[in-house]
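Undergrad: Following this message is one structure expressed as C-alpha cells.
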Amino acid sequence: MRVVVRTVSELCITVGAVIVLFVVYVLFWTGVKADTVMDDQIDQLQEQWAQGAVGPTDAAPGGAASPGASASPPKPAPYAADKPFAIMYIPRLGFTWNKPVLESTATKTLKKGLGHYASTAQLGQKGNFSVAGHRRTYGDPFKDFPRLRPGDAVVLTDGTTWFTYRIDKGPYKTLPTDVEVIDPVPRNSGYTREGRYLTLTTCDPEWGHSHRLIVWAHLDSTQPVEAGKPEALRR
C-alpha cells in the first residue's frame, strides 16, 4: 500500500512539474522568442526600405484623407504572404510599442507579429484595412487592447508614408462568427459609407478565444516619412 501511495505521489509531483514548466513556456519563453522574431521582422523591413523596396498606395501623402475621396493611382501589387510590409505604433499602449504587420492571419504568421486579413483593403486604400493580433502568448501584442479608446491614434508606416488612423468605436465585443466586422463598411461600426478604415481584432477573454474584441478607426491624415514622425508619435 505504501508503495502505491508513494508511486501516486511521485506521479502527481511529476505531473505538477510538467504543468509548471508548460506554464513557464507559454508565459515566458514563447514571449521571448516572439519578441526576437518581431524585432527581426522590423529589421528586415527597415533594410528593405533603406534599399527603396516599398510599394505605392492610393492615399495622398501630406494631407487629411477624405472617406469619400476617389482613388487615382492603380492598386499596388498584393502583399507577399507571411511577409512583413508595415510597422504599427499605438501610443496608448506605450511609446515603445511597435509591431510588424505581415500578410495573412494564419497561425504561423501571427507568431511573428500582427496579421493583415488578406481579403481586406491594403494600407491607406479605400476600404477596410483589417489586422489581427494575439491577446496573449507570442509576445502578447494586444494584451492591453481593452485600454484603447475613441480618439486614440493608431499609426502605421510602409517606409514611404506615415498613416495616422483615429479610433471611432470600441473595444466592441462580438463572436468569432461575426465576420462582417471586417467588411468594407464594417457592420456595427457606425460607418454608413465607403471610406478608408482600419479594423483591429483580438481574442477575448484574455486567456480564451470564445469572443473577439474589435476597434474601428478612420484614416485621419498621412505624411511622407521625410517630414518626420507624425504628431501622434511625438512625446
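Ordering of the C-alpha cells sets the chain letters (A, B, ...); residue numbers start at 1 within each chain; ligands are numbered from 1 in the order shown.
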Quick one: residues within 8 Å of stretch 212-218 of chain A, only C-alpha atoms counted, chain neighbours fewer than 3 positions away excluded, as a PyMOL selection string?

TA: chain A and resi 67+145-146+148+165-176+181+189+195-204+209

Undergrad: Using only C-alpha atoms, which residues sit within 8 Å of A:Ile87 once same-chain residues fewer than 5 positions away are excluded, as a ChimeraX atom specification?

TA: /A:42,98-101,156-158

Undergrad: Save out the residues we just selected, C-alpha atoms, as a PDB file, in the first residue's frame.

TA:
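The new file out.pdb reads:
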```pdb
ATOM      1  CA  ILE A  42      11.124  45.012 -38.268  1.00  0.00           C
ATOM      2  CA  ASN A  98       5.645  48.875 -32.163  1.00  0.00           C
ATOM      3  CA  LYS A  99       4.828  45.696 -34.055  1.00  0.00           C
ATOM      4  CA  PRO A 100       5.385  44.417 -37.592  1.00  0.00           C
ATOM      5  CA  VAL A 101       2.335  43.797 -39.769  1.00  0.00           C
ATOM      6  CA  LEU A 156       1.434  52.812 -39.444  1.00  0.00           C
ATOM      7  CA  THR A 157       4.240  53.263 -41.920  1.00  0.00           C
ATOM      8  CA  ASP A 158       5.134  51.407 -45.098  1.00  0.00           C
TER       9      ASP A 158
END
```

Undergrad: List the spatial neighbours of A:Asp82 as a VMD selection string - criterion: any atom at most 6 Å away, only C-alpha atoms, same-chain residues fewer than 3 positions off excluded.

TA: chain A and resid 102 to 104 109

Undergrad: Please, could you write that set of residues out with all heavy atoms as a PDB file, in the first residue's frame?

TA:
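selection_38.pdb, freshly written:
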```pdb
ATOM      1  N   LEU A 102       2.228  41.677 -40.943  1.00  0.00           N
ATOM      2  CA  LEU A 102       2.523  40.728 -42.005  1.00  0.00           C
ATOM      3  C   LEU A 102       1.255  40.383 -42.760  1.00  0.00           C
ATOM      4  O   LEU A 102       0.136  40.587 -42.264  1.00  0.00           O
ATOM      5  CB  LEU A 102       3.137  39.443 -41.432  1.00  0.00           C
ATOM      6  CG  LEU A 102       4.480  39.571 -40.711  1.00  0.00           C
ATOM      7  CD1 LEU A 102       4.301  39.907 -39.235  1.00  0.00           C
ATOM      8  CD2 LEU A 102       5.284  38.279 -40.846  1.00  0.00           C
ATOM      9  N   GLU A 103       1.427  39.860 -43.954  1.00  0.00           N
ATOM     10  CA  GLU A 103       0.275  39.454 -44.751  1.00  0.00           C
ATOM     11  C   GLU A 103      -0.187  38.061 -44.341  1.00  0.00           C
ATOM     12  O   GLU A 103       0.603  37.123 -44.311  1.00  0.00           O
ATOM     13  CB  GLU A 103       0.635  39.466 -46.241  1.00  0.00           C
ATOM     14  CG  GLU A 103      -0.496  39.028 -47.152  1.00  0.00           C
ATOM     15  CD  GLU A 103      -1.649  40.022 -47.215  1.00  0.00           C
ATOM     16  OE1 GLU A 103      -1.672  40.970 -46.398  1.00  0.00           O
ATOM     17  OE2 GLU A 103      -2.528  39.856 -48.068  1.00  0.00           O
ATOM     18  N   SER A 104      -1.469  37.926 -43.988  1.00  0.00           N
ATOM     19  CA  SER A 104      -2.117  36.672 -43.601  1.00  0.00           C
ATOM     20  C   SER A 104      -2.381  36.665 -42.093  1.00  0.00           C
ATOM     21  O   SER A 104      -1.656  37.287 -41.312  1.00  0.00           O
ATOM     22  CB  SER A 104      -1.282  35.436 -43.969  1.00  0.00           C
ATOM     23  OG  SER A 104      -1.833  34.257 -43.403  1.00  0.00           O
ATOM     24  N   THR A 109       1.814  32.899 -39.041  1.00  0.00           N
ATOM     25  CA  THR A 109       2.073  34.324 -39.271  1.00  0.00           C
ATOM     26  C   THR A 109       1.900  35.118 -37.990  1.00  0.00           C
ATOM     27  O   THR A 109       2.724  35.990 -37.666  1.00  0.00           O
ATOM     28  CB  THR A 109       1.131  34.869 -40.357  1.00  0.00           C
ATOM     29  OG1 THR A 109       1.282  34.094 -41.549  1.00  0.00           O
ATOM     30  CG2 THR A 109       1.449  36.326 -40.665  1.00  0.00           C
TER      31      THR A 109
END
```

Undergrad: Pick from A:Arg92, A:Arg187, A:Lys111, A:Arg149: nearest to A:Asn128, with only C-alpha atoms counted?

TA: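 Once distances to A:Asn128 are computed over only C-alpha atoms, the minimum belongs to A:Arg187.
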
Undergrad: As a list of chain:residue names, please: every residue in stretch 116-151 of chain A that a backbone DSSP assignment puts in strand (DSSP E or B).

TA: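 Listing strand (DSSP E or B) positions across stretch 116-151 of chain A yields A:His116, A:Gly127, A:Asn128, A:Phe129, A:Ser130, A:Val131, A:Ala132.
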
Undergrad: Next, dump the selected residues to file, keeping only N, CA and C atoms, as a PDB file, in the first residue's frame.

TA:
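Result saved to result_36.pdb:
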```
ATOM      1  N   HIS A 116      -2.418  40.856 -41.347  1.00  0.00           N
ATOM      2  CA  HIS A 116      -3.407  41.545 -42.181  1.00  0.00           C
ATOM      3  C   HIS A 116      -4.351  40.532 -42.820  1.00  0.00           C
ATOM      4  N   GLY A 127     -11.473  51.388 -48.396  1.00  0.00           N
ATOM      5  CA  GLY A 127     -11.919  50.093 -47.912  1.00  0.00           C
ATOM      6  C   GLY A 127     -11.582  49.950 -46.446  1.00  0.00           C
ATOM      7  N   ASN A 128     -11.453  48.725 -45.987  1.00  0.00           N
ATOM      8  CA  ASN A 128     -11.244  48.456 -44.563  1.00  0.00           C
ATOM      9  C   ASN A 128      -9.970  47.641 -44.369  1.00  0.00           C
ATOM     10  N   PHE A 129      -8.882  48.312 -44.031  1.00  0.00           N
ATOM     11  CA  PHE A 129      -7.605  47.657 -43.752  1.00  0.00           C
ATOM     12  C   PHE A 129      -7.726  46.993 -42.380  1.00  0.00           C
ATOM     13  N   SER A 130      -7.751  45.660 -42.340  1.00  0.00           N
ATOM     14  CA  SER A 130      -8.072  44.928 -41.113  1.00  0.00           C
ATOM     15  C   SER A 130      -6.899  44.081 -40.650  1.00  0.00           C
ATOM     16  N   VAL A 131      -6.642  44.123 -39.340  1.00  0.00           N
ATOM     17  CA  VAL A 131      -5.453  43.495 -38.758  1.00  0.00           C
ATOM     18  C   VAL A 131      -5.831  42.729 -37.495  1.00  0.00           C
ATOM     19  N   ALA A 132      -5.268  41.530 -37.336  1.00  0.00           N
ATOM     20  CA  ALA A 132      -5.496  40.698 -36.153  1.00  0.00           C
ATOM     21  C   ALA A 132      -4.201  40.544 -35.367  1.00  0.00           C
TER      22      ALA A 132
END
```

Undergrad: Work out how far apart atom CA of A:Thr161 and atom CA of A:Tyr117 are and give it in Å to one decimal.

TA: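 Atom CA of A:Thr161 sits 20.7 Å away from atom CA of A:Tyr117.
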
Undergrad: DSSP on the backbone, helix (DSSP H, G or I) only: what residues of stretch 44-220 of chain A does that give? Format it as a list in words.

TA: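 Selection result, helix (DSSP H, G or I) within stretch 44-220 of chain A: Gln44, Leu45, Gln46, Glu47, Gln48, Trp49, Ala50, Pro91, Arg92, Leu93, Thr107, Lys108, Thr109, Leu110, Phe145, Pro146, Arg147, Val179, Glu180, Val181 and Ile182 of chain A.
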
Undergrad: Residues within 7 Å of A:Gly133, please, as a PyMOL selection string. Count only C-alpha atoms; anything in the same chain fewer than 6 positions from it doesn't count.

TA: chain A and resi 110+114-115+141-142+201-202

Undergrad: Grab the residues selected above and save them as an mmCIF file, in the first residue's frame with all heavy atoms.

TA:
```cif
data_model
loop_
_atom_site.group_PDB
_atom_site.id
_atom_site.type_symbol
_atom_site.label_atom_id
_atom_site.label_comp_id
_atom_site.auth_asym_id
_atom_site.auth_seq_id
_atom_site.Cartn_x
_atom_site.Cartn_y
_atom_site.Cartn_z
ATOM 1 N N LEU A 110 0.849 34.826 -37.233
ATOM 2 C CA LEU A 110 0.577 35.567 -36.003
ATOM 3 C C LEU A 110 1.594 35.287 -34.906
ATOM 4 O O LEU A 110 1.606 35.973 -33.892
ATOM 5 C CB LEU A 110 -0.837 35.268 -35.505
ATOM 6 C CG LEU A 110 -1.963 35.794 -36.401
ATOM 7 C CD1 LEU A 110 -3.322 35.391 -35.833
ATOM 8 C CD2 LEU A 110 -1.889 37.305 -36.550
ATOM 9 N N LEU A 114 1.665 41.026 -36.068
ATOM 10 C CA LEU A 114 0.257 41.218 -36.379
ATOM 11 C C LEU A 114 -0.004 40.722 -37.792
ATOM 12 O O LEU A 114 0.895 40.704 -38.633
ATOM 13 C CB LEU A 114 -0.113 42.698 -36.264
ATOM 14 C CG LEU A 114 0.255 43.382 -34.942
ATOM 15 C CD1 LEU A 114 -0.113 44.863 -34.999
ATOM 16 C CD2 LEU A 114 -0.428 42.701 -33.764
ATOM 17 N N GLY A 115 -1.249 40.317 -38.071
ATOM 18 C CA GLY A 115 -1.564 39.762 -39.377
ATOM 19 C C GLY A 115 -2.657 40.534 -40.091
ATOM 20 O O GLY A 115 -3.699 40.847 -39.499
ATOM 21 N N PRO A 141 1.009 40.837 -28.127
ATOM 22 C CA PRO A 141 0.951 42.150 -28.774
ATOM 23 C C PRO A 141 -0.274 42.984 -28.414
ATOM 24 O O PRO A 141 -0.169 44.206 -28.281
ATOM 25 C CB PRO A 141 0.980 41.818 -30.267
ATOM 26 C CG PRO A 141 0.538 40.393 -30.357
ATOM 27 C CD PRO A 141 1.043 39.743 -29.110
ATOM 28 N N PHE A 142 -1.432 42.327 -28.248
ATOM 29 C CA PHE A 142 -2.648 43.066 -27.937
ATOM 30 C C PHE A 142 -3.131 42.796 -26.503
ATOM 31 O O PHE A 142 -4.328 42.856 -26.221
ATOM 32 C CB PHE A 142 -3.756 42.721 -28.933
ATOM 33 C CG PHE A 142 -3.655 43.465 -30.242
ATOM 34 C CD1 PHE A 142 -4.245 42.954 -31.391
ATOM 35 C CD2 PHE A 142 -2.982 44.675 -30.327
ATOM 36 C CE1 PHE A 142 -4.157 43.634 -32.598
ATOM 37 C CE2 PHE A 142 -2.884 45.372 -31.527
ATOM 38 C CZ PHE A 142 -3.483 44.848 -32.673
ATOM 39 N N THR A 201 -8.546 43.443 -34.495
ATOM 40 C CA THR A 201 -9.273 42.373 -33.815
ATOM 41 C C THR A 201 -8.329 41.568 -32.931
ATOM 42 O O THR A 201 -7.152 41.408 -33.262
ATOM 43 C CB THR A 201 -9.940 41.411 -34.819
ATOM 44 O OG1 THR A 201 -8.949 40.570 -35.420
ATOM 45 C CG2 THR A 201 -10.667 42.162 -35.920
ATOM 46 N N THR A 202 -8.864 41.078 -31.816
ATOM 47 C CA THR A 202 -8.103 40.188 -30.939
ATOM 48 C C THR A 202 -9.082 39.309 -30.172
ATOM 49 O O THR A 202 -10.299 39.507 -30.242
ATOM 50 C CB THR A 202 -7.207 40.981 -29.976
ATOM 51 O OG1 THR A 202 -6.246 40.103 -29.379
ATOM 52 C CG2 THR A 202 -8.013 41.657 -28.866
#
```

Undergrad: How many Å separate atom CA of A:Lys83 from atom CA of A:Phe163?

TA: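 According to the coordinates, atom CA of A:Lys83 and atom CA of A:Phe163 are separated by 19.6 Å.
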
Undergrad: Env of A:Asp43: 12 Å cut, atoms = only C-alpha atoms, seq-sep filter 3 positions within chain, self excluded. Answer as a PyMOL selection string.

TA: chain A and resi 36-40+46-50+84-87+99-100

Undergrad: May I ask which of the residues A:Val179, A:Ala106, A:Ala153, A:Leu219 is the closest one to A:Gln125, counting only C-alpha atoms?

TA: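 The shortest atom-to-atom distance to A:Gln125 comes from A:Leu219.
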
Undergrad: For A:Ala227, which residue among A:Arg147, A:Trp162, A:Ile90, A:Asp178 is the nearest when counting only C-alpha atoms?

TA: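 Using only C-alpha atoms, the shortest distance to A:Ala227 belongs to A:Trp162.
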